[in-house]
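Asks: Enclosed is the structure file data_16.txt (compact mmCIF, C-alpha atoms).
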# COMPACT_ATOMS: atom_id res chain seq x y z
CA MET A 1438 -143.36 164.90 234.22
CA GLN A 1439 -143.13 165.29 237.95
CA GLY A 1440 -145.21 163.53 240.58
CA ALA A 1441 -147.70 165.17 242.89
CA PRO A 1442 -145.91 167.33 245.48
CA ALA A 1443 -146.22 166.72 249.20
CA VAL A 1444 -148.55 169.07 251.06
CA ARG A 1445 -146.95 170.69 254.08
CA PHE A 1446 -148.25 173.02 256.76
CA CYS A 1447 -146.82 175.97 258.63
CA GLU A 1448 -148.18 178.15 261.41
CA VAL A 1449 -149.03 181.83 261.11
CA GLU A 1450 -148.42 183.73 264.32
CA GLY A 1451 -148.56 180.43 266.20
CA ARG A 1452 -152.30 180.04 265.74
CA HIS A 1453 -153.38 179.15 262.22
CA ARG A 1454 -152.16 176.52 259.77
CA VAL A 1455 -151.38 177.40 256.15
CA ALA A 1456 -150.96 174.63 253.56
CA TYR A 1457 -148.18 174.95 250.98
CA ALA A 1458 -146.31 172.85 248.42
CA SER A 1459 -143.28 173.07 246.14
CA MET A 1460 -142.15 171.48 242.87
CA GLY A 1461 -138.95 171.68 240.87
CA GLU A 1462 -135.43 172.86 241.57
CA GLY A 1463 -133.42 176.05 241.20
CA ARG A 1464 -134.12 179.64 242.14
CA ASP A 1465 -137.33 180.13 244.08
CA LEU A 1466 -140.54 181.37 242.47
CA VAL A 1467 -143.51 181.89 244.80
CA LEU A 1468 -147.12 182.36 243.71
CA VAL A 1469 -149.15 184.49 246.12
CA PRO A 1470 -152.75 183.38 245.54
CA GLY A 1471 -155.75 185.25 244.25
CA TRP A 1472 -159.17 185.61 245.86
CA LEU A 1473 -159.95 181.87 246.13
CA CYS A 1474 -157.45 179.02 246.07
CA HIS A 1475 -157.12 175.31 246.66
CA LEU A 1476 -153.65 173.78 246.87
CA GLU A 1477 -154.60 170.62 244.97
CA GLU A 1478 -157.77 171.38 243.02
CA LEU A 1479 -156.27 174.42 241.27
CA TRP A 1480 -153.99 172.14 239.25
CA SER A 1481 -156.57 169.48 238.40
CA HIS A 1482 -157.42 171.27 235.15
CA PRO A 1483 -155.07 170.07 232.37
CA SER A 1484 -154.08 173.60 231.30
CA ALA A 1485 -153.27 174.56 234.89
CA ALA A 1486 -151.29 171.34 235.37
CA SER A 1487 -149.31 172.17 232.23
CA ALA A 1488 -148.55 175.66 233.57
CA ARG A 1489 -147.34 174.22 236.86
CA GLU A 1490 -145.08 171.79 235.02
CA LYS A 1491 -143.53 174.67 233.05
CA PHE A 1492 -142.85 176.66 236.21
CA ALA A 1493 -141.41 173.62 237.97
CA ALA A 1494 -139.21 172.76 234.99
CA ALA A 1495 -137.54 176.18 235.28
CA ARG A 1496 -137.63 176.97 239.00
CA ARG A 1497 -138.45 175.69 242.45
CA PHE A 1498 -142.10 176.70 242.32
CA THR A 1499 -143.99 177.20 245.59
CA TRP A 1500 -147.68 178.02 246.12
CA TYR A 1501 -150.06 177.97 249.07
CA ASP A 1502 -153.64 178.34 250.24
CA ARG A 1503 -154.52 181.59 251.91
CA LEU A 1504 -156.29 181.31 255.26
CA GLY A 1505 -159.98 180.68 254.72
CA CYS A 1506 -159.42 178.59 251.57
CA GLY A 1507 -158.49 175.12 250.43
CA LEU A 1508 -156.46 173.02 252.85
CA SER A 1509 -155.52 175.92 255.14
CA ASP A 1510 -157.47 176.76 258.30
CA ARG A 1511 -160.80 178.23 257.28
CA GLU A 1512 -161.98 179.97 260.43
CA GLY A 1513 -160.73 181.86 263.48
CA PHE A 1514 -158.76 184.64 261.77
CA GLU A 1515 -159.43 188.21 260.70
CA PRO A 1516 -158.65 188.92 257.02
CA SER A 1517 -156.27 191.86 256.53
CA VAL A 1518 -153.30 192.78 254.37
CA GLU A 1519 -151.09 192.48 257.45
CA ASN A 1520 -152.34 188.94 257.96
CA ASP A 1521 -151.74 188.21 254.25
CA VAL A 1522 -148.12 189.33 254.62
CA ALA A 1523 -147.72 187.18 257.73
CA GLN A 1524 -148.89 184.15 255.72
CA LEU A 1525 -146.32 184.80 253.00
CA VAL A 1526 -143.55 185.18 255.59
CA ALA A 1527 -144.59 181.93 257.29
CA VAL A 1528 -144.61 179.97 254.03
CA MET A 1529 -141.22 181.27 252.89
CA ASP A 1530 -139.68 180.59 256.29
CA ALA A 1531 -141.12 177.09 256.49
CA ALA A 1532 -140.01 176.26 252.93
CA GLY A 1533 -136.49 177.55 253.65
CA ILE A 1534 -136.79 180.32 251.06
CA GLU A 1535 -134.45 183.21 251.82
CA ARG A 1536 -135.04 185.14 248.60
CA ALA A 1537 -137.50 184.63 245.78
CA ASP A 1538 -139.18 185.98 242.70
CA LEU A 1539 -142.81 186.66 243.57
CA ILE A 1540 -146.00 186.47 241.49
CA GLY A 1541 -148.71 188.66 242.98
CA TYR A 1542 -151.83 187.40 241.24
CA SER A 1543 -154.89 189.66 241.54
CA PHE A 1544 -155.81 189.60 245.25
CA GLY A 1545 -152.20 188.58 245.97
CA ALA A 1546 -150.70 191.81 244.62
CA PRO A 1547 -151.27 194.09 247.65
CA PRO A 1548 -149.55 191.73 250.14
CA VAL A 1549 -146.67 191.23 247.70
CA ALA A 1550 -146.17 194.99 247.48
CA LEU A 1551 -146.24 195.40 251.26
CA PHE A 1552 -143.91 192.40 251.75
CA ALA A 1553 -141.45 193.85 249.23
CA THR A 1554 -141.18 197.11 251.17
CA ARG A 1555 -140.87 195.32 254.54
CA TYR A 1556 -138.38 192.69 253.40
CA PRO A 1557 -136.61 194.02 250.28
CA GLU A 1558 -133.67 191.66 250.85
CA ARG A 1559 -136.02 188.67 250.34
CA VAL A 1560 -137.38 189.77 246.96
CA ARG A 1561 -135.51 189.33 243.68
CA ARG A 1562 -138.17 190.30 241.11
CA ILE A 1563 -141.94 190.81 241.16
CA VAL A 1564 -144.64 190.02 238.62
CA PHE A 1565 -147.97 191.73 239.26
CA TYR A 1566 -150.48 189.76 237.20
CA SER A 1567 -154.15 190.84 236.78
CA ALA A 1568 -153.32 193.01 239.75
CA PHE A 1569 -154.70 195.98 241.63
CA ALA A 1570 -153.43 198.29 244.34
CA ARG A 1571 -156.85 199.22 245.78
CA GLY A 1572 -160.02 197.22 245.87
CA LYS A 1573 -162.23 200.17 245.09
CA ALA A 1574 -160.64 200.35 241.62
CA LEU A 1575 -162.36 197.11 240.63
CA THR A 1576 -166.01 198.08 240.61
CA SER A 1577 -168.55 200.48 242.06
CA PRO A 1578 -169.95 200.05 245.59
CA GLU A 1579 -173.21 198.92 243.98
CA GLY A 1580 -171.38 196.38 241.82
CA MET A 1581 -169.53 194.92 244.80
CA GLU A 1582 -172.71 194.70 246.85
CA ALA A 1583 -174.54 192.94 244.00
CA LEU A 1584 -171.70 190.42 243.72
CA LYS A 1585 -171.75 189.74 247.46
CA GLN A 1586 -175.53 189.29 247.42
CA LEU A 1587 -175.24 186.77 244.60
CA VAL A 1588 -172.58 184.78 246.46
CA ARG A 1589 -174.58 184.95 249.69
CA ALA A 1590 -177.91 183.96 248.17
CA ASN A 1591 -176.81 181.08 245.95
CA TRP A 1592 -173.15 180.05 245.89
CA GLY A 1593 -173.83 177.56 243.11
CA LEU A 1594 -175.26 180.24 240.81
CA GLY A 1595 -172.70 182.76 242.07
CA SER A 1596 -169.79 180.47 241.27
CA ARG A 1597 -171.12 179.85 237.75
CA THR A 1598 -171.60 183.58 237.16
CA LEU A 1599 -168.09 184.32 238.37
CA ALA A 1600 -166.70 181.54 236.18
CA THR A 1601 -168.03 183.25 233.06
CA MET A 1602 -166.36 186.49 234.17
CA LEU A 1603 -163.01 185.02 235.22
CA VAL A 1604 -162.72 182.49 232.35
CA PRO A 1605 -164.75 184.25 229.63
CA ASN A 1606 -163.43 182.09 226.77
CA GLY A 1607 -163.92 178.81 228.59
CA GLY A 1608 -165.88 175.97 227.07
CA SER A 1609 -168.60 174.19 229.01
CA HIS A 1610 -166.06 171.84 230.61
CA ASP A 1611 -163.84 174.75 231.68
CA LEU A 1612 -166.75 176.64 233.20
CA ARG A 1613 -168.05 173.59 235.08
CA TRP A 1614 -164.56 172.92 236.35
CA PHE A 1615 -164.01 176.50 237.50
CA SER A 1616 -167.41 176.71 239.19
CA ARG A 1617 -166.67 173.52 241.13
CA PHE A 1618 -163.17 174.74 241.97
CA GLN A 1619 -164.54 177.89 243.58
CA ARG A 1620 -167.05 175.97 245.69
CA LEU A 1621 -164.34 173.56 246.86
CA ALA A 1622 -161.97 176.44 247.58
CA ALA A 1623 -164.21 178.27 250.05
CA THR A 1624 -167.67 178.44 251.56
CA ALA A 1625 -170.06 181.16 250.46
CA GLU A 1626 -169.56 182.89 253.80
CA MET A 1627 -165.77 182.94 253.44
CA ALA A 1628 -165.97 184.01 249.80
CA GLU A 1629 -168.05 186.99 250.88
CA ARG A 1630 -165.68 187.84 253.75
CA LEU A 1631 -162.76 187.83 251.35
CA LEU A 1632 -164.66 190.10 248.96
CA ASP A 1633 -165.10 192.53 251.85
CA HIS A 1634 -161.36 192.28 252.51
CA GLU A 1635 -160.59 192.90 248.84
CA TRP A 1636 -162.77 196.02 248.82
CA THR A 1637 -160.81 197.59 251.72
CA MET A 1638 -157.31 196.88 250.33
CA ASP A 1639 -155.26 199.94 249.41
CA VAL A 1640 -151.45 199.84 249.14
CA ARG A 1641 -150.91 202.82 246.85
CA ASP A 1642 -148.85 204.56 249.51
CA VAL A 1643 -146.23 201.77 249.65
CA LEU A 1644 -145.83 201.15 245.91
CA PRO A 1645 -143.29 203.99 245.41
CA GLU A 1646 -141.09 202.22 247.99
CA VAL A 1647 -140.86 198.96 246.03
CA LYS A 1648 -137.24 198.52 244.95
CA ALA A 1649 -137.36 195.14 243.19
CA PRO A 1650 -137.53 195.08 239.37
CA SER A 1651 -141.23 194.70 238.62
CA LEU A 1652 -143.39 193.58 235.70
CA VAL A 1653 -147.07 194.50 235.51
CA LEU A 1654 -148.69 191.88 233.27
CA HIS A 1655 -152.34 192.43 232.35
CA ASN A 1656 -154.87 191.37 229.74
CA ARG A 1657 -156.23 194.42 227.95
CA HIS A 1658 -159.88 193.40 228.35
CA ASP A 1659 -159.73 191.67 231.75
CA ARG A 1660 -163.36 191.69 232.94
CA ALA A 1661 -162.56 191.21 236.65
CA VAL A 1662 -159.70 193.68 237.17
CA PRO A 1663 -159.64 196.54 234.63
CA LEU A 1664 -156.44 197.46 232.85
CA SER A 1665 -156.58 200.86 234.56
CA ALA A 1666 -155.82 199.09 237.86
CA GLY A 1667 -152.69 197.55 236.36
CA ARG A 1668 -151.66 200.89 234.87
CA GLU A 1669 -151.98 202.43 238.33
CA ILE A 1670 -149.48 199.93 239.75
CA ALA A 1671 -147.09 200.49 236.85
CA ALA A 1672 -147.26 204.27 237.39
CA LEU A 1673 -146.54 204.02 241.12
CA VAL A 1674 -143.80 201.34 241.24
CA PRO A 1675 -140.46 202.94 240.24
CA GLY A 1676 -139.17 201.55 236.96
CA ALA A 1677 -142.01 199.03 236.58
CA GLU A 1678 -142.48 197.54 233.11
CA LEU A 1679 -146.06 197.32 231.84
CA HIS A 1680 -146.76 194.48 229.40
CA ILE A 1681 -150.28 194.23 228.00
CA LEU A 1682 -151.61 190.97 226.59
CA GLU A 1683 -154.30 191.14 223.93
CA GLY A 1684 -156.91 189.08 225.71
CA ASN A 1685 -159.82 189.18 228.14
CA GLU A 1686 -158.88 186.45 230.62
CA HIS A 1687 -158.40 187.01 234.33
CA ASP A 1688 -157.34 183.54 235.45
CA PRO A 1689 -153.72 183.00 234.35
CA PHE A 1690 -153.72 179.24 233.86
CA ILE A 1691 -156.94 177.90 232.38
CA ARG A 1692 -157.03 179.28 228.83
CA ASP A 1693 -153.81 181.07 227.89
CA SER A 1694 -151.20 179.72 230.28
CA GLY A 1695 -148.57 179.56 227.55
CA ARG A 1696 -148.33 183.30 226.99
CA VAL A 1697 -148.64 184.11 230.68
CA VAL A 1698 -146.20 181.50 231.97
CA GLU A 1699 -143.63 182.16 229.27
CA THR A 1700 -143.80 185.93 229.80
CA ILE A 1701 -143.36 185.49 233.55
CA LEU A 1702 -140.36 183.20 233.06
CA ASP A 1703 -138.80 185.59 230.54
CA PHE A 1704 -139.00 188.41 233.08
CA VAL A 1705 -137.80 186.58 236.18
CA ASP A 1706 -134.92 185.07 234.19
CA GLY A 1707 -133.89 188.53 233.01
CA ARG A 1708 -134.62 187.88 229.32
CA PRO A 1709 -136.41 190.34 227.05
CA ILE A 1710 -140.05 189.29 226.92
CA GLY A 1711 -140.67 187.04 223.93
CA THR A 1712 -137.13 185.64 223.86
CA PRO A 1713 -137.01 181.92 223.03
CA PRO A 1714 -136.06 179.99 226.19
CA PRO A 1715 -132.61 178.44 226.39
CA ALA A 1716 -132.23 175.04 224.79
CA THR A 1717 -133.39 172.16 226.95
CA VAL A 1718 -133.51 168.41 226.60
CA GLU A 1719 -135.66 167.04 223.80
CA PRO A 1720 -139.31 166.70 224.85
CA GLU A 1721 -140.50 163.24 225.75
CA PRO A 1722 -142.34 161.66 222.81
CA LEU A 1723 -146.05 160.91 223.04
CA THR A 1724 -147.08 157.35 223.77
CA GLU A 1725 -149.35 155.57 221.32
CA ARG A 1726 -152.33 156.12 223.64
CA GLU A 1727 -151.49 159.82 223.98
CA ARG A 1728 -151.37 160.12 220.20
CA GLU A 1729 -154.85 158.56 220.04
CA VAL A 1730 -156.16 161.02 222.61
CA LEU A 1731 -154.54 163.99 220.83
CA ALA A 1732 -156.01 162.86 217.51
CA LEU A 1733 -159.50 162.82 219.03
CA ILE A 1734 -158.91 166.28 220.55
CA GLY A 1735 -157.98 167.41 217.05
CA HIS A 1736 -161.31 166.07 215.82
CA GLY A 1737 -163.15 168.13 218.46
CA ALA A 1738 -164.04 165.30 220.86
CA THR A 1739 -164.73 166.07 224.52
CA ASN A 1740 -163.03 164.11 227.31
CA LYS A 1741 -166.23 162.13 227.84
CA GLU A 1742 -166.43 161.28 224.14
CA ILE A 1743 -162.76 160.27 224.11
CA ALA A 1744 -163.32 158.01 227.10
CA ARG A 1745 -166.24 156.30 225.35
CA ARG A 1746 -164.35 155.88 222.07
CA LEU A 1747 -161.25 154.40 223.73
CA GLY A 1748 -163.02 152.41 226.44
CA ILE A 1749 -161.29 154.18 229.33
CA THR A 1750 -162.46 156.40 232.18
CA VAL A 1751 -162.79 160.16 231.96
CA ALA A 1752 -160.22 160.48 234.79
CA THR A 1753 -157.74 158.49 232.71
CA VAL A 1754 -158.41 160.75 229.72
CA GLU A 1755 -157.77 163.82 231.89
CA ARG A 1756 -154.42 162.38 233.00
CA HIS A 1757 -153.46 161.71 229.38
CA VAL A 1758 -154.47 165.26 228.42
CA THR A 1759 -152.31 166.70 231.23
CA HIS A 1760 -149.31 164.68 230.02
CA ILE A 1761 -149.94 165.68 226.40
CA TYR A 1762 -150.12 169.39 227.26
CA GLY A 1763 -146.82 169.17 229.12
CA LYS A 1764 -145.06 167.28 226.33
CA ILE A 1765 -146.21 169.43 223.39
CA GLY A 1766 -146.32 172.74 225.27
CA ALA A 1767 -150.02 173.27 224.61
CA ARG A 1768 -151.72 176.22 226.28
CA GLY A 1769 -155.18 174.69 226.11
CA ARG A 1770 -157.51 172.54 224.05
CA ALA A 1771 -157.52 174.80 220.99
CA ASP A 1772 -153.72 174.86 220.99
CA ALA A 1773 -153.63 171.06 221.31
CA ALA A 1774 -156.05 170.73 218.37
CA VAL A 1775 -153.73 172.85 216.21
CA ARG A 1776 -150.78 170.66 217.20
CA ALA A 1777 -152.79 167.57 216.30
CA VAL A 1778 -153.19 169.01 212.78
CA THR A 1779 -149.50 169.93 212.43
CA MET A 1780 -148.54 166.42 213.58
CA GLY A 1781 -150.82 164.87 210.97
CA LEU A 1782 -153.18 163.34 213.54
CA ALA A 1783 -156.21 165.38 212.42
CA SER A 1784 -157.27 167.45 209.44
CA ALA A 1785 -157.64 171.22 209.57
CA SER A 1786 -161.33 170.95 208.72
CA SER A 1787 -162.02 168.57 211.61
CA SER A 1788 -160.29 170.81 214.19
Could you express the structure from this file as structure tokens?

Replies:
Amino acid sequence: MQGAPAVRFCEVEGRHRVAYASMGEGRDLVLVPGWLCHLEELWSHPSAASAREKFAAARRFTWYDRLGCGLSDREGFEPSVENDVAQLVAVMDAAGIERADLIGYSFGAPPVALFATRYPERVRRIVFYSAFARGKALTSPEGMEALKQLVRANWGLGSRTLATMLVPNGGSHDLRWFSRFQRLAATAEMAERLLDHEWTMDVRDVLPEVKAPSLVLHNRHDRAVPLSAGREIAALVPGAELHILEGNEHDPFIRDSGRVVETILDFVDGRPIGTPPPATVEPEPLTEREREVLALIGHGATNKEIARRLGITVATVERHVTHIYGKIGARGRADAAVRAVTMGLASASSS
């Protein structure tokens, strides 16, 4: 397991500060963020932390907060795709990244496409995940206006409603976590401004100019960005490979990070998707306390219940869960419960 990365800052056009961080070693992999982001809070969910560990174990993984969100400057700029590209350039320059594989997640896909046509020499491969080329492909004008009104009127209720759409299979803990994450990531006013920005995005004209090998990775029943939006990218980017996952998630890291992360790593490493990764060192064994926590997960206990049973804090339980996910390669709580059964720590009926 790796420690928490240092947060660094770079300037965009000499005026605004963007926060970024990196973990791991090797070829560079850069995540261009979605609608809302928070450099630190994003990875506080155990499944997300496990996904980050997997990326960092294979690559030098870099991510950042877009302007308006998280630890980056939140005011004084005008959202635009051009500004989004300038942020990506600034982060790569500051991190000393000459050439990288790029993940354009959702809102991050249009700037990745434009960056790839402006700076083809700096792009090795591209993964468009839950992505769209034009904001108007996401919903009707009435649907977008209703969403903005909800965010504007009550950001607490709006964040909970969005959580159910973006993490539709989440349990109560997942949904509470994601709702809080959104409110920490941005104010209601900024969230609405970025929705306006999303609605005006349209990079269909530059997609045929993308030269980098590209993967379009999309859940078939994504409720936030329809599969048709991903198909549009795949049709317009020359030689793009479309890979459809049989799910309904939009967020890549909270519920099914294993399939998403492994598919991304297969593609950027040039392996056929689904190929077992190359042999690595043996995974670190679980400590006795971690085995106790995993056994209770297998019996269906919540983090709060585990904390009470073991006489430790919920925060300590969450740290143990993060370590367990990384060691056993679990994609989420259900996956961990199955592993608890296979390891003999819980019975199939209890999980």

Asks: What's around range 1675-1689 of chain A at 7 Å? Count all atoms listed in the file, leave out sequence neighbours fewer than 6 positions away in its own chain, and write the answer as an MDAnalysis selection string.

Replies: chainID A and resid 1567 1603:1605 1645 1650:1661 1697

Asks: Would you please work out which residue, of A:Ser1509, A:Ser1459, A:Thr1576, A:Gln1524, is nearest to Arg1489 in chain A when using only C-alpha atoms?

Replies: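 That would be A:Ser1459, the residue with the smallest distance to Arg1489 in chain A.
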
Asks: By how many Å are CA of Leu1631 in chain A and CA of Leu1508 in chain A apart?

Replies: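 Between CA of Leu1631 in chain A and CA of Leu1508 in chain A the gap works out to 16.2 Å.
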
Asks: Using all atoms listed in the file, find the one residue out of A:Arg1745, A:Thr1700, A:Arg1668, A:Asp1611 that sits nearest to Pro1483 in chain A.

Replies: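 Selected residue with least distance to Pro1483 in chain A: A:Asp1611.
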
Asks: Hey, what's within 12 Å of Arg1562 in chain A if we count only C-alpha atoms and toss same-chain stuff fewer than 5 positions away? As a PDB file with C-alpha atoms, in the coordinates of the input, please?

Replies:
ATOM      1  CA  ARG A1464    -134.120 179.640 242.140  1.00  0.00           C
ATOM      2  CA  ASP A1465    -137.330 180.130 244.080  1.00  0.00           C
ATOM      3  CA  LEU A1466    -140.540 181.370 242.470  1.00  0.00           C
ATOM      4  CA  VAL A1467    -143.510 181.890 244.800  1.00  0.00           C
ATOM      5  CA  ARG A1536    -135.040 185.140 248.600  1.00  0.00           C
ATOM      6  CA  ALA A1537    -137.500 184.630 245.780  1.00  0.00           C
ATOM      7  CA  ASP A1538    -139.180 185.980 242.700  1.00  0.00           C
ATOM      8  CA  LEU A1539    -142.810 186.660 243.570  1.00  0.00           C
ATOM      9  CA  ILE A1540    -146.000 186.470 241.490  1.00  0.00           C
ATOM     10  CA  GLY A1541    -148.710 188.660 242.980  1.00  0.00           C
ATOM     11  CA  VAL A1549    -146.670 191.230 247.700  1.00  0.00           C
ATOM     12  CA  ALA A1550    -146.170 194.990 247.480  1.00  0.00           C
ATOM     13  CA  ALA A1553    -141.450 193.850 249.230  1.00  0.00           C
ATOM     14  CA  PRO A1557    -136.610 194.020 250.280  1.00  0.00           C
ATOM     15  CA  VAL A1647    -140.860 198.960 246.030  1.00  0.00           C
ATOM     16  CA  LYS A1648    -137.240 198.520 244.950  1.00  0.00           C
ATOM     17  CA  ALA A1649    -137.360 195.140 243.190  1.00  0.00           C
ATOM     18  CA  PRO A1650    -137.530 195.080 239.370  1.00  0.00           C
ATOM     19  CA  SER A1651    -141.230 194.700 238.620  1.00  0.00           C
ATOM     20  CA  LEU A1652    -143.390 193.580 235.700  1.00  0.00           C
ATOM     21  CA  VAL A1653    -147.070 194.500 235.510  1.00  0.00           C
ATOM     22  CA  ALA A1677    -142.010 199.030 236.580  1.00  0.00           C
ATOM     23  CA  GLU A1678    -142.480 197.540 233.110  1.00  0.00           C
ATOM     24  CA  ILE A1701    -143.360 185.490 233.550  1.00  0.00           C
ATOM     25  CA  LEU A1702    -140.360 183.200 233.060  1.00  0.00           C
ATOM     26  CA  ASP A1703    -138.800 185.590 230.540  1.00  0.00           C
ATOM     27  CA  PHE A1704    -139.000 188.410 233.080  1.00  0.00           C
ATOM     28  CA  VAL A1705    -137.800 186.580 236.180  1.00  0.00           C
ATOM     29  CA  ASP A1706    -134.920 185.070 234.190  1.00  0.00           C
ATOM     30  CA  GLY A1707    -133.890 188.530 233.010  1.00  0.00           C
TER      31      GLY A1707
END

Asks: Enter the distance from CA of Val1444 in chain A to CA of Ala1527 in chain A, in Å, rounded to one decimal.

Replies: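 So the two atoms, CA of Val1444 in chain A and CA of Ala1527 in chain A, lie 14.8 Å apart.
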
Asks: Can you build me a table of range 1603-1713 of chain A residues sitting at most 9 Å from range 1579-1598 of chain A, with the closest atom pair per residue and its distance in Å to one decimal, using all atoms listed in the file, sorted by chain and residue number, as JSON lines?

Replies:
{"residue": "A:Leu1603", "atom": "CA", "partner": "A:Thr1598", "partner_atom": "CA", "distance": 8.9}
{"residue": "A:Leu1612", "atom": "CA", "partner": "A:Arg1597", "partner_atom": "CA", "distance": 7.1}
{"residue": "A:Arg1613", "atom": "CA", "partner": "A:Arg1597", "partner_atom": "CA", "distance": 7.5}
{"residue": "A:Phe1615", "atom": "CA", "partner": "A:Arg1597", "partner_atom": "CA", "distance": 7.9}
{"residue": "A:Ser1616", "atom": "CA", "partner": "A:Ser1596", "partner_atom": "CA", "distance": 4.9}
{"residue": "A:Arg1617", "atom": "CA", "partner": "A:Ser1596", "partner_atom": "CA", "distance": 7.6}
{"residue": "A:Phe1618", "atom": "CA", "partner": "A:Ser1596", "partner_atom": "CA", "distance": 8.8}
{"residue": "A:Gln1619", "atom": "CA", "partner": "A:Ser1596", "partner_atom": "CA", "distance": 6.3}
{"residue": "A:Arg1620", "atom": "CA", "partner": "A:Ser1596", "partner_atom": "CA", "distance": 6.9}
{"residue": "A:Thr1624", "atom": "CA", "partner": "A:Trp1592", "partner_atom": "CA", "distance": 8.0}
{"residue": "A:Ala1625", "atom": "CA", "partner": "A:Trp1592", "partner_atom": "CA", "distance": 5.6}
{"residue": "A:Glu1626", "atom": "CA", "partner": "A:Arg1589", "partner_atom": "CA", "distance": 6.8}
{"residue": "A:Ala1628", "atom": "CA", "partner": "A:Val1588", "partner_atom": "CA", "distance": 7.4}
{"residue": "A:Glu1629", "atom": "CA", "partner": "A:Lys1585", "partner_atom": "CA", "distance": 5.7}
{"residue": "A:Arg1630", "atom": "CA", "partner": "A:Lys1585", "partner_atom": "CA", "distance": 8.9}
{"residue": "A:Leu1632", "atom": "CA", "partner": "A:Lys1585", "partner_atom": "CA", "distance": 7.3}
{"residue": "A:Asp1633", "atom": "CA", "partner": "A:Lys1585", "partner_atom": "CA", "distance": 8.4}
{"residue": "A:Trp1636", "atom": "CA", "partner": "A:Met1581", "partner_atom": "CA", "distance": 7.9}

Asks: Quick one: everything within 6 Å of Ala1732 in chain A, counting only C-alpha atoms, minus sequence neighbours fewer than 6 positions away in the same chain. Send it as a list in words.

Replies: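 Within the cut-off, the hits are Ala1777, Leu1782 and Ala1783 of chain A.
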